[in-house]
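*Asks:* The structure file start.cif (mmCIF, C-alpha atoms) is provided below.
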```cif
data_work
#
loop_
_atom_site.label_atom_id
_atom_site.label_comp_id
_atom_site.auth_asym_id
_atom_site.auth_seq_id
_atom_site.Cartn_x
_atom_site.Cartn_y
_atom_site.Cartn_z
CA MET M 1 -92.10 -46.31 15.14
CA HIS M 2 -91.98 -42.49 14.91
CA GLY M 3 -88.67 -42.69 13.04
CA LYS M 4 -90.10 -45.11 10.48
CA THR M 5 -93.16 -42.91 9.80
CA GLY M 6 -90.86 -39.90 9.42
CA GLN M 7 -88.71 -41.79 6.90
CA THR M 8 -91.76 -42.90 4.96
CA SER M 9 -93.05 -39.29 4.85
CA MET M 10 -89.65 -38.14 3.58
CA MET M 11 -89.69 -40.80 0.88
CA LEU M 12 -93.18 -39.74 -0.17
CA ILE M 13 -92.11 -36.10 -0.37
CA VAL M 14 -89.10 -37.07 -2.52
CA ILE M 15 -91.34 -39.17 -4.80
CA ALA M 16 -93.81 -36.25 -5.06
CA ILE M 17 -90.95 -33.88 -6.03
CA ILE M 18 -89.72 -36.37 -8.66
CA ILE M 19 -93.24 -36.62 -10.10
CA PHE M 20 -93.58 -32.82 -10.27
CA MET M 21 -90.20 -32.60 -12.00
CA ALA M 22 -91.23 -35.31 -14.48
CA ILE M 23 -94.44 -33.38 -15.25
CA GLY M 24 -92.36 -30.22 -15.77
CA VAL M 25 -89.97 -32.00 -18.15
CA PHE M 26 -92.92 -33.55 -19.99
CA LEU M 27 -94.61 -30.16 -20.45
CA LEU M 28 -91.32 -28.65 -21.64
CA ILE M 29 -90.73 -31.45 -24.17
CA SER M 30 -94.31 -31.33 -25.46
CA SER M 31 -94.07 -27.55 -25.96
CA ILE M 32 -91.09 -27.95 -28.33
CA LYS M 33 -92.41 -28.38 -31.87
CA PRO M 34 -90.17 -30.24 -34.34
CA VAL M 35 -89.16 -28.22 -37.42
CA ASN M 36 -90.40 -29.60 -40.72
CA ASN M 37 -87.12 -29.63 -42.67
CA ASP M 38 -88.58 -31.36 -45.74
CA TYR M 39 -91.16 -28.63 -46.19
CA TYR M 40 -88.69 -25.76 -45.69
CA ASN M 41 -86.21 -27.32 -48.14
CA LEU M 42 -89.00 -27.60 -50.71
CA TYR M 43 -90.07 -24.03 -49.95
CA ALA M 44 -86.53 -22.68 -50.42
CA HIS M 45 -86.13 -24.57 -53.71
CA ASN M 46 -89.47 -23.41 -55.10
CA LEU M 47 -88.87 -19.85 -53.96
CA LEU M 48 -85.57 -19.71 -55.84
CA LEU M 49 -86.89 -21.49 -58.92
CA SER M 50 -90.07 -19.44 -59.25
CA VAL M 51 -88.23 -16.13 -58.79
CA LEU M 52 -85.56 -17.03 -61.38
CA ARG M 53 -88.15 -18.09 -63.97
CA ARG M 54 -90.32 -15.01 -63.71
CA ASN M 55 -90.55 -12.60 -66.66
CA THR M 56 -89.53 -9.04 -65.83
CA GLY M 57 -91.41 -7.30 -68.63
CA TYR M 58 -88.23 -5.70 -69.99
CA GLY M 59 -87.31 -8.30 -72.61
CA GLY M 60 -83.88 -8.62 -74.27
CA TYR M 61 -81.02 -9.19 -71.81
CA CYS M 62 -83.46 -8.86 -68.91
CA ASP M 63 -86.28 -11.08 -70.13
CA THR M 64 -86.42 -13.11 -66.92
CA ILE M 65 -84.99 -12.57 -63.43
CA SER M 66 -82.48 -15.31 -64.26
CA SER M 67 -81.23 -13.48 -67.38
CA THR M 68 -81.19 -10.16 -65.51
CA ILE M 69 -78.95 -11.67 -62.81
CA SER M 70 -76.76 -13.16 -65.50
CA CYS M 71 -76.51 -9.77 -67.21
CA ALA M 72 -75.82 -8.10 -63.84
CA TYR M 73 -72.89 -10.44 -63.24
CA MET M 74 -71.38 -10.83 -66.68
CA THR M 75 -72.23 -7.59 -68.53
CA SER M 76 -73.38 -5.15 -65.88
CA TYR M 77 -72.83 -2.16 -68.18
CA ARG M 78 -75.73 -3.20 -70.39
CA ASN M 79 -79.05 -1.40 -70.04
CA CYS M 80 -82.59 -2.72 -69.80
CA GLY M 81 -85.26 -0.05 -70.05
CA GLY M 82 -82.66 2.65 -69.47
CA VAL M 83 -81.41 1.06 -66.24
CA GLU M 84 -78.14 -0.86 -65.84
CA CYS M 85 -78.66 -4.62 -65.44
CA ARG M 86 -77.05 -4.69 -62.00
CA ASN M 87 -79.15 -1.84 -60.64
CA LEU M 88 -82.25 -3.40 -62.14
CA SER M 89 -81.49 -6.74 -60.48
CA TYR M 90 -80.88 -5.01 -57.11
CA GLU M 91 -84.24 -3.33 -57.53
CA MET M 92 -86.34 -6.22 -58.83
CA VAL M 93 -85.08 -9.25 -56.87
CA PRO M 94 -85.73 -7.85 -53.35
CA GLN M 95 -89.08 -6.41 -54.46
CA LEU M 96 -90.20 -9.77 -55.83
CA MET M 97 -88.83 -11.73 -52.89
CA GLU M 98 -90.59 -9.53 -50.34
CA SER M 99 -93.91 -10.02 -52.10
CA VAL M 100 -93.63 -13.81 -52.27
CA ILE M 101 -91.79 -15.00 -49.16
CA LYS M 102 -93.75 -15.86 -46.03
CA PRO M 103 -93.68 -12.99 -43.50
CA ASN M 104 -92.00 -15.16 -40.83
CA LEU M 105 -88.99 -15.92 -43.06
CA ASP M 106 -85.82 -14.03 -43.99
CA TYR M 107 -83.84 -14.71 -47.16
CA CYS M 108 -80.40 -14.29 -48.65
CA MET M 109 -79.59 -14.96 -52.29
CA THR M 110 -75.96 -15.21 -53.42
CA VAL M 111 -74.65 -15.30 -56.99
CA GLU M 112 -71.09 -16.44 -57.68
CA PRO M 113 -69.18 -18.01 -60.56
CA GLU M 114 -69.00 -21.79 -60.68
CA ASN M 115 -65.29 -22.29 -61.34
CA THR M 116 -63.63 -19.86 -58.98
CA THR M 117 -64.15 -19.08 -55.35
CA SER M 118 -62.31 -15.75 -55.60
CA GLY M 119 -64.77 -14.09 -57.96
CA GLU M 120 -67.08 -11.29 -56.97
CA LYS M 121 -70.29 -12.25 -55.20
CA LEU M 122 -73.64 -10.59 -55.66
CA ASN M 123 -75.82 -10.67 -52.56
CA TYR M 124 -79.54 -10.00 -52.52
CA GLY M 125 -81.37 -9.66 -49.23
CA PRO M 126 -81.47 -6.98 -46.54
CA ARG M 127 -80.42 -9.29 -43.68
CA CYS M 128 -77.92 -11.70 -45.27
CA ASP M 129 -75.59 -11.62 -42.25
CA VAL M 130 -78.45 -12.57 -39.91
CA VAL M 131 -79.71 -15.37 -42.18
CA ASN M 132 -76.24 -16.88 -42.67
CA SER M 133 -75.46 -16.77 -38.96
CA LYS M 134 -78.59 -18.71 -37.98
CA ALA M 135 -78.11 -22.30 -36.81
CA THR M 136 -81.34 -23.47 -38.43
CA LYS M 137 -81.51 -22.48 -42.07
CA TRP M 138 -82.47 -24.10 -45.35
CA THR M 139 -80.55 -23.75 -48.61
CA ALA M 140 -81.44 -24.31 -52.26
CA ASN M 141 -79.03 -24.21 -55.20
CA GLU M 142 -79.57 -23.55 -58.88
CA LYS M 143 -77.24 -22.96 -61.80
CA ILE M 144 -77.48 -20.40 -64.59
CA LEU M 145 -75.75 -21.83 -67.63
CA GLN M 146 -73.61 -19.27 -69.48
CA TYR M 147 -71.29 -19.42 -72.49
CA ASP M 148 -68.27 -18.06 -70.57
CA ALA M 149 -68.90 -19.15 -67.01
CA ASN M 150 -71.79 -20.83 -65.25
CA LEU M 151 -73.21 -19.03 -62.27
CA ASN M 152 -74.18 -20.70 -59.01
CA ILE M 153 -77.21 -19.24 -57.28
CA ARG M 154 -77.71 -20.08 -53.62
CA MET M 155 -80.87 -19.20 -51.71
CA THR M 156 -80.84 -19.45 -47.93
CA ILE M 157 -83.93 -18.92 -45.82
CA SER M 158 -84.31 -18.84 -42.06
CA GLU M 159 -86.97 -17.95 -39.56
CA ALA M 160 -87.04 -14.20 -38.85
CA MET H 1 -104.20 -39.78 22.51
CA LYS H 2 -101.00 -41.40 21.17
CA ALA H 3 -103.04 -43.96 19.29
CA GLN H 4 -105.12 -41.18 17.71
CA ILE H 5 -101.95 -39.39 16.56
CA HIS H 6 -100.64 -42.67 15.04
CA LEU H 7 -103.95 -43.20 13.34
CA MET H 8 -103.87 -39.68 11.93
CA GLU H 9 -100.33 -40.25 10.62
CA TYR H 10 -101.44 -43.44 8.85
CA VAL H 11 -104.50 -41.68 7.40
CA LEU H 12 -102.28 -38.87 6.10
CA LEU H 13 -99.78 -41.36 4.68
CA SER H 14 -102.52 -43.31 2.95
CA PHE H 15 -103.89 -40.05 1.56
CA PHE H 16 -100.48 -39.09 0.13
CA VAL H 17 -99.99 -42.55 -1.36
CA LEU H 18 -103.42 -42.37 -3.00
CA LEU H 19 -102.69 -38.83 -4.24
CA ILE H 20 -99.44 -39.96 -5.83
CA ILE H 21 -101.13 -42.94 -7.48
CA VAL H 22 -103.88 -40.68 -8.88
CA MET H 23 -101.25 -38.20 -10.13
CA ILE H 24 -99.22 -40.94 -11.83
CA THR H 25 -102.38 -42.24 -13.49
CA LEU H 26 -103.38 -38.75 -14.70
CA PHE H 27 -99.85 -38.06 -15.90
CA LEU H 28 -99.61 -41.31 -17.86
CA THR H 29 -103.07 -40.79 -19.39
CA GLY H 30 -102.10 -37.22 -20.38
CA TRP H 31 -98.84 -38.48 -21.85
CA GLN H 32 -100.66 -41.14 -23.86
CA MET H 33 -103.24 -38.67 -25.17
CA SER H 34 -100.58 -36.15 -26.07
CA THR H 35 -98.59 -38.84 -27.93
CA ILE H 36 -101.71 -39.85 -29.88
CA ASN H 37 -102.48 -36.20 -30.71
CA SER H 38 -98.96 -35.43 -31.88
CA GLU H 39 -98.90 -38.61 -33.98
CA GLN H 40 -102.21 -37.62 -35.57
CA THR H 41 -100.85 -34.12 -36.29
CA ARG H 42 -97.67 -35.63 -37.76
CA VAL H 43 -99.65 -37.92 -40.06
CA THR H 44 -101.97 -35.08 -41.17
CA ASN H 45 -98.94 -32.83 -41.79
CA ALA H 46 -97.25 -35.55 -43.86
CA LYS H 47 -100.45 -36.07 -45.88
CA ALA H 48 -100.84 -32.30 -46.46
CA GLU H 49 -97.21 -32.02 -47.52
CA PHE H 50 -97.58 -34.96 -49.88
CA LEU H 51 -100.68 -33.33 -51.38
CA LEU H 52 -98.76 -30.06 -51.81
CA ARG H 53 -95.93 -31.80 -53.69
CA ALA H 54 -98.38 -33.83 -55.78
CA PHE H 55 -100.35 -30.72 -56.65
CA ALA H 56 -97.30 -28.61 -57.54
CA ASN H 57 -96.03 -31.34 -59.87
CA SER H 58 -99.32 -32.67 -61.23
CA PRO H 59 -99.26 -33.12 -65.02
CA TYR H 60 -102.95 -32.18 -65.08
CA ILE H 61 -102.18 -28.55 -64.19
CA ASN H 62 -98.45 -28.19 -65.06
CA LYS H 63 -97.01 -27.10 -68.37
CA ASN H 64 -95.56 -30.19 -70.03
CA THR H 65 -92.21 -28.72 -71.09
CA TYR H 66 -91.08 -27.85 -67.54
CA LYS H 67 -89.84 -31.13 -66.11
CA GLU H 68 -88.99 -29.62 -62.73
CA GLY H 69 -92.67 -28.87 -62.15
CA SER H 70 -94.22 -25.95 -60.25
CA MET H 71 -95.11 -24.29 -63.57
CA LEU H 72 -98.90 -24.22 -63.46
CA GLU H 73 -100.60 -23.41 -66.74
CA ASP H 74 -103.47 -20.94 -66.45
CA SER H 75 -105.56 -22.54 -69.22
CA LYS H 76 -105.36 -25.93 -67.47
CA LEU H 77 -106.21 -24.36 -64.12
CA SER H 78 -109.23 -22.69 -65.68
CA SER H 79 -110.53 -25.84 -67.33
CA ILE H 80 -110.20 -28.29 -64.44
CA ASN H 81 -112.56 -28.38 -61.46
CA CYS H 82 -112.83 -29.72 -57.94
CA GLU H 83 -114.63 -32.93 -58.93
CA ASP H 84 -111.94 -33.81 -61.48
CA LEU H 85 -109.20 -33.35 -58.91
CA GLN H 86 -111.11 -35.20 -56.18
CA LYS H 87 -111.06 -38.28 -58.40
CA ILE H 88 -107.25 -38.15 -58.18
CA TYR H 89 -106.52 -36.80 -54.70
CA GLY H 90 -109.61 -37.87 -52.78
CA GLU H 91 -111.74 -35.60 -50.63
CA GLU H 92 -111.17 -33.51 -47.48
CA TRP H 93 -108.80 -30.98 -49.02
CA PHE H 94 -108.81 -27.65 -50.84
CA ALA H 95 -106.29 -25.79 -52.98
CA GLN H 96 -105.89 -22.17 -53.98
CA ILE H 97 -103.51 -20.48 -56.39
CA GLU H 98 -102.98 -16.73 -56.30
CA THR H 99 -100.86 -14.50 -58.51
CA LEU H 100 -99.41 -11.26 -57.19
CA GLU H 101 -100.91 -8.96 -59.82
CA PHE H 102 -104.50 -10.15 -60.28
CA THR H 103 -106.77 -10.92 -57.35
CA ASP H 104 -109.96 -11.72 -59.26
CA GLU H 105 -111.18 -15.32 -59.17
CA CYS H 106 -110.90 -16.81 -62.67
CA THR H 107 -114.14 -17.54 -64.50
CA GLN H 108 -114.98 -18.16 -68.16
CA ASP H 109 -115.90 -14.47 -68.48
CA ASN H 110 -112.75 -12.80 -67.12
CA TYR H 111 -110.05 -15.27 -68.31
CA PRO H 112 -107.14 -14.49 -68.84
CA SER H 113 -107.32 -11.17 -66.90
CA CYS H 114 -107.58 -12.95 -63.58
CA GLY H 115 -105.21 -14.52 -61.11
CA LYS H 116 -106.95 -16.68 -58.55
CA TRP H 117 -108.10 -20.28 -58.79
CA THR H 118 -109.84 -22.12 -55.95
CA PHE H 119 -110.47 -25.86 -56.02
CA CYS H 120 -112.97 -27.33 -53.56
CA LYS H 121 -114.53 -25.26 -50.81
CA LYS H 122 -112.53 -23.87 -47.93
CA GLU H 123 -114.44 -24.80 -44.81
CA GLY H 124 -113.52 -25.90 -41.32
CA ASP H 125 -110.22 -26.42 -39.58
CA ALA H 126 -107.40 -27.37 -41.94
CA ILE H 127 -103.63 -27.73 -41.97
CA VAL H 128 -102.48 -25.43 -44.78
CA PHE H 129 -99.12 -25.45 -46.57
CA GLU H 130 -97.94 -22.66 -48.87
CA LEU H 131 -95.50 -22.85 -51.77
CA PRO H 132 -94.23 -20.33 -54.34
CA VAL H 133 -95.02 -21.45 -57.90
CA ASN H 134 -94.96 -20.05 -61.42
CA ILE H 135 -98.05 -19.51 -63.52
CA TYR H 136 -97.63 -19.86 -67.26
CA ARG H 137 -99.90 -17.50 -69.17
CA THR H 138 -100.99 -19.51 -72.21
CA MET H 139 -102.25 -16.51 -74.21
CA THR H 140 -99.10 -14.37 -73.89
CA GLY H 141 -96.44 -17.00 -73.13
CA GLU H 142 -95.36 -14.98 -70.06
CA ILE H 143 -94.31 -16.53 -66.77
CA ASP H 144 -95.87 -15.07 -63.66
CA ILE H 145 -95.23 -15.87 -60.02
CA GLY H 146 -97.78 -16.87 -57.41
CA LYS H 147 -98.51 -18.83 -54.29
CA LEU H 148 -100.07 -22.26 -54.03
CA TYR H 149 -101.99 -23.08 -50.86
CA VAL H 150 -103.02 -26.65 -50.15
CA GLY H 151 -105.09 -27.43 -47.08
CA LEU H 152 -106.03 -30.78 -45.61
CA TYR H 153 -108.94 -30.88 -43.20
CA LYS H 154 -108.04 -32.25 -39.80
CA GLY H 155 -108.93 -35.91 -39.62
CA GLY H 156 -108.90 -36.04 -43.44
#
```
What's the structure tokens form of this structure?
*Replies:*
Amino acid sequence: MHGKTGQTSMMLIVIAIIIFMAIGVFLLISSIKPVNNDYYNLYAHNLLLSVLRRNTGYGGYCDTISSTISCAYMTSYRNCGGVECRNLSYEMVPQLMESVIKPNLDYCMTVEPENTTSGEKLNYGPRCDVVNSKATKWTANEKILQYDANLNIRMTISEA
Amino acid sequence: MKAQIHLMEYVLLSFFVLLIIVMITLFLTGWQMSTINSEQTRVTNAKAEFLLRAFANSPYINKNTYKEGSMLEDSKLSSINCEDLQKIYGEEWFAQIETLEFTDECTQDNYPSCGKWTFCKKEGDAIVFELPVNIYRTMTGEIDIGKLYVGLYKGG
């Protein structure tokens, strides 16, 4: 009789432990929030698009951010407001990005020619290596159409 | 004495069994409530996101020539009001558009030297989504950049 009661107590203790473990797993699962990929993809796309479309105030070769980047890649020797296109793009793009992007996000913008993978790349973003090494990141692509060579613009964002 | 000890053992056992049953019941109820809550949050999030997309691409506030959308025209933003938009998107939401340069709320008096438009009152607990957009300045033809906030009130 004593043996049976002891066994039953043991069983109850095991069941109690299983229940506590199940509660622990449940709390752990419920604390993990799913990432909203649709929203972040839309955010990345709109961030890239709205930055590219924006007027710089310089006019000419640097009328918009898009044309400034194009000038920076294709004819970097040209000047806008007394500043070389490339330097101007390195100054304006990060400044604009920092003022628009959500504070919990990092960004990396890459410009490269469409037809060749060996061409020079322009990178904008202070933490490109961190952003590109993240497992969870969202990417948007746009194209700047040029007479000589189209440019591919890739924007990657990740949580900081 | 032996019988009393046996009785005590059975009482303790019964107590543990009852405790486990109560715990299972509480756990399952909690699970169910949490599932319902997360489903409600998911649905509200999806609605808010849909509203954000609809707003960013609405022909009522976008410049017609930009097919990709997200090019809000300041003259359209200044001429439309909450009631007009509620006829399209329903109630229980608000939207705000802010440019980086101007922080003044746009009125008939200060247009176009303004950069903030608010549609429907911001009140209560809402799920808010943010999106970068362009603002087309009708008077100068310049393209500005700004942020669109769309909030959906919880339970809306």
*Asks:* Which residues fall under the PyMOL selection byres ((chain M and resi 47) around 9) in this file, as a short mmCIF file (atom, residue, chain, number, x, y, z; two decimals) with C-alpha atoms, keeping the file's coordinate frame?
*Replies:*
```cif
data_model
loop_
_atom_site.label_atom_id
_atom_site.label_comp_id
_atom_site.auth_asym_id
_atom_site.auth_seq_id
_atom_site.Cartn_x
_atom_site.Cartn_y
_atom_site.Cartn_z
CA LEU M 42 -89.00 -27.60 -50.71
CA TYR M 43 -90.07 -24.03 -49.95
CA ALA M 44 -86.53 -22.68 -50.42
CA HIS M 45 -86.13 -24.57 -53.71
CA ASN M 46 -89.47 -23.41 -55.10
CA LEU M 48 -85.57 -19.71 -55.84
CA LEU M 49 -86.89 -21.49 -58.92
CA SER M 50 -90.07 -19.44 -59.25
CA VAL M 51 -88.23 -16.13 -58.79
CA LEU M 52 -85.56 -17.03 -61.38
CA MET M 97 -88.83 -11.73 -52.89
CA VAL M 100 -93.63 -13.81 -52.27
CA ILE M 101 -91.79 -15.00 -49.16
CA ALA M 140 -81.44 -24.31 -52.26
CA MET M 155 -80.87 -19.20 -51.71
CA LEU H 131 -95.50 -22.85 -51.77
CA PRO H 132 -94.23 -20.33 -54.34
CA VAL H 133 -95.02 -21.45 -57.90
#
```
*Asks:* Check what the PyMOL selection byres ((chain M) within 10 of (chain H)) selects in the file above and give those residues as a count of residues only.
*Replies:* 46
*Asks:* May I ask for the distance between CA of Arg127 (chain M) and CA of Glu159 (chain M), given in Å to one decimal place?
*Replies:*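 About the pair CA of Arg127 (chain M) and CA of Glu159 (chain M): they are 11.6 Å apart.
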*Asks:* Take CA of Gln86 (chain H) and CA of Tyr60 (chain H) and report the distance between them in Å, one decimal.
*Replies:*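 Distance reported for this atom pair: 12.4 Å.
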*Asks:* I'd like the residues picked by the PyMOL selection byres ((chain M and resi 105-114) around 6) written out as a list in words, using the chain letters and numbers from the file.
*Replies:*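 Against this file, the PyMOL selection byres ((chain M and resi 105-114) around 6) returns the residues Lys102, Pro103, Asn104, Asn115, Thr116, Lys121, Leu122, Asn123, Tyr124, Gly125, Cys128, Asn150, Leu151, Asn152, Ile153, Arg154, Met155, Thr156, Ile157, Ser158, Glu159 and Ala160 of chain M.
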*Asks:* With C-alpha atoms retained, export the selected residues as a PDB file, in the coordinates of the input.
*Replies:*
```
ATOM      1  CA  LYS M 102     -93.750 -15.860 -46.030  1.00  0.00           C
ATOM      2  CA  PRO M 103     -93.680 -12.990 -43.500  1.00  0.00           C
ATOM      3  CA  ASN M 104     -92.000 -15.160 -40.830  1.00  0.00           C
ATOM      4  CA  ASN M 115     -65.290 -22.290 -61.340  1.00  0.00           C
ATOM      5  CA  THR M 116     -63.630 -19.860 -58.980  1.00  0.00           C
ATOM      6  CA  LYS M 121     -70.290 -12.250 -55.200  1.00  0.00           C
ATOM      7  CA  LEU M 122     -73.640 -10.590 -55.660  1.00  0.00           C
ATOM      8  CA  ASN M 123     -75.820 -10.670 -52.560  1.00  0.00           C
ATOM      9  CA  TYR M 124     -79.540 -10.000 -52.520  1.00  0.00           C
ATOM     10  CA  GLY M 125     -81.370  -9.660 -49.230  1.00  0.00           C
ATOM     11  CA  CYS M 128     -77.920 -11.700 -45.270  1.00  0.00           C
ATOM     12  CA  ASN M 150     -71.790 -20.830 -65.250  1.00  0.00           C
ATOM     13  CA  LEU M 151     -73.210 -19.030 -62.270  1.00  0.00           C
ATOM     14  CA  ASN M 152     -74.180 -20.700 -59.010  1.00  0.00           C
ATOM     15  CA  ILE M 153     -77.210 -19.240 -57.280  1.00  0.00           C
ATOM     16  CA  ARG M 154     -77.710 -20.080 -53.620  1.00  0.00           C
ATOM     17  CA  MET M 155     -80.870 -19.200 -51.710  1.00  0.00           C
ATOM     18  CA  THR M 156     -80.840 -19.450 -47.930  1.00  0.00           C
ATOM     19  CA  ILE M 157     -83.930 -18.920 -45.820  1.00  0.00           C
ATOM     20  CA  SER M 158     -84.310 -18.840 -42.060  1.00  0.00           C
ATOM     21  CA  GLU M 159     -86.970 -17.950 -39.560  1.00  0.00           C
ATOM     22  CA  ALA M 160     -87.040 -14.200 -38.850  1.00  0.00           C
TER      23      ALA M 160
END
```
*Asks:* Env of Thr44 (chain H): 12 Å cut, atoms = only C-alpha atoms, seq-sep filter 3 positions within chain, self excluded. Answer as an NGL selection string.
*Replies:* :H and (37-41 or 47-51 or 92-93 or 126-129 or 151-156)
*Asks:* Which value, in Å to one decimal, gives the distance between CA of Arg86 (chain M) and CA of Tyr73 (chain M)?
*Replies:* 7.2 Å
*Asks:* Write a file for region 71-89 of chain H, containing N, CA and C atoms (output as a PDB file, in the first residue's frame).
*Replies:*
```pdb
ATOM      1  N   MET H  71       3.256  59.990 -53.583  1.00  0.00           N
ATOM      2  CA  MET H  71       3.607  61.361 -53.947  1.00  0.00           C
ATOM      3  C   MET H  71       2.385  62.231 -53.616  1.00  0.00           C
ATOM      4  N   LEU H  72       2.293  62.634 -52.373  1.00  0.00           N
ATOM      5  CA  LEU H  72       1.126  63.372 -51.903  1.00  0.00           C
ATOM      6  C   LEU H  72       1.228  64.831 -52.344  1.00  0.00           C
ATOM      7  N   GLU H  73       0.117  65.347 -52.849  1.00  0.00           N
ATOM      8  CA  GLU H  73       0.133  66.714 -53.388  1.00  0.00           C
ATOM      9  C   GLU H  73      -0.377  67.666 -52.316  1.00  0.00           C
ATOM     10  N   ASP H  74       0.403  68.710 -52.031  1.00  0.00           N
ATOM     11  CA  ASP H  74       0.048  69.574 -50.888  1.00  0.00           C
ATOM     12  C   ASP H  74      -1.285  70.302 -51.074  1.00  0.00           C
ATOM     13  N   SER H  75      -1.628  70.658 -52.326  1.00  0.00           N
ATOM     14  CA  SER H  75      -2.894  71.361 -52.550  1.00  0.00           C
ATOM     15  C   SER H  75      -4.086  70.437 -52.269  1.00  0.00           C
ATOM     16  N   LYS H  76      -3.923  69.153 -52.628  1.00  0.00           N
ATOM     17  CA  LYS H  76      -4.997  68.180 -52.363  1.00  0.00           C
ATOM     18  C   LYS H  76      -5.116  67.933 -50.861  1.00  0.00           C
ATOM     19  N   LEU H  77      -3.964  67.839 -50.198  1.00  0.00           N
ATOM     20  CA  LEU H  77      -3.982  67.607 -48.747  1.00  0.00           C
ATOM     21  C   LEU H  77      -4.656  68.761 -48.026  1.00  0.00           C
ATOM     22  N   SER H  78      -4.444  69.980 -48.564  1.00  0.00           N
ATOM     23  CA  SER H  78      -4.999  71.159 -47.904  1.00  0.00           C
ATOM     24  C   SER H  78      -6.491  71.328 -48.175  1.00  0.00           C
ATOM     25  N   SER H  79      -6.972  70.718 -49.248  1.00  0.00           N
ATOM     26  CA  SER H  79      -8.386  70.929 -49.585  1.00  0.00           C
ATOM     27  C   SER H  79      -9.303  69.807 -49.112  1.00  0.00           C
ATOM     28  N   ILE H  80      -8.728  68.692 -48.691  1.00  0.00           N
ATOM     29  CA  ILE H  80      -9.568  67.568 -48.253  1.00  0.00           C
ATOM     30  C   ILE H  80      -9.644  67.582 -46.717  1.00  0.00           C
ATOM     31  N   ASN H  81     -10.734  67.044 -46.162  1.00  0.00           N
ATOM     32  CA  ASN H  81     -10.824  67.023 -44.696  1.00  0.00           C
ATOM     33  C   ASN H  81     -11.210  65.641 -44.170  1.00  0.00           C
ATOM     34  N   CYS H  82     -11.271  65.560 -42.876  1.00  0.00           N
ATOM     35  CA  CYS H  82     -11.518  64.275 -42.201  1.00  0.00           C
ATOM     36  C   CYS H  82     -12.827  63.624 -42.663  1.00  0.00           C
ATOM     37  N   GLU H  83     -13.873  64.446 -42.756  1.00  0.00           N
ATOM     38  CA  GLU H  83     -15.192  63.895 -43.112  1.00  0.00           C
ATOM     39  C   GLU H  83     -15.166  63.283 -44.510  1.00  0.00           C
ATOM     40  N   ASP H  84     -14.477  63.964 -45.432  1.00  0.00           N
ATOM     41  CA  ASP H  84     -14.366  63.431 -46.799  1.00  0.00           C
ATOM     42  C   ASP H  84     -13.700  62.060 -46.777  1.00  0.00           C
ATOM     43  N   LEU H  85     -12.617  61.972 -46.029  1.00  0.00           N
ATOM     44  CA  LEU H  85     -11.854  60.714 -46.002  1.00  0.00           C
ATOM     45  C   LEU H  85     -12.582  59.617 -45.220  1.00  0.00           C
ATOM     46  N   GLN H  86     -13.368  60.017 -44.223  1.00  0.00           N
ATOM     47  CA  GLN H  86     -14.121  59.015 -43.456  1.00  0.00           C
ATOM     48  C   GLN H  86     -15.184  58.333 -44.321  1.00  0.00           C
ATOM     49  N   LYS H  87     -15.647  59.059 -45.344  1.00  0.00           N
ATOM     50  CA  LYS H  87     -16.618  58.445 -46.260  1.00  0.00           C
ATOM     51  C   LYS H  87     -15.969  57.300 -47.041  1.00  0.00           C
ATOM     52  N   ILE H  88     -14.653  57.383 -47.223  1.00  0.00           N
ATOM     53  CA  ILE H  88     -13.942  56.346 -47.984  1.00  0.00           C
ATOM     54  C   ILE H  88     -13.391  55.260 -47.061  1.00  0.00           C
ATOM     55  N   TYR H  89     -12.731  55.683 -45.997  1.00  0.00           N
ATOM     56  CA  TYR H  89     -12.010  54.714 -45.149  1.00  0.00           C
ATOM     57  C   TYR H  89     -12.730  54.345 -43.863  1.00  0.00           C
TER      58      TYR H  89
END
```
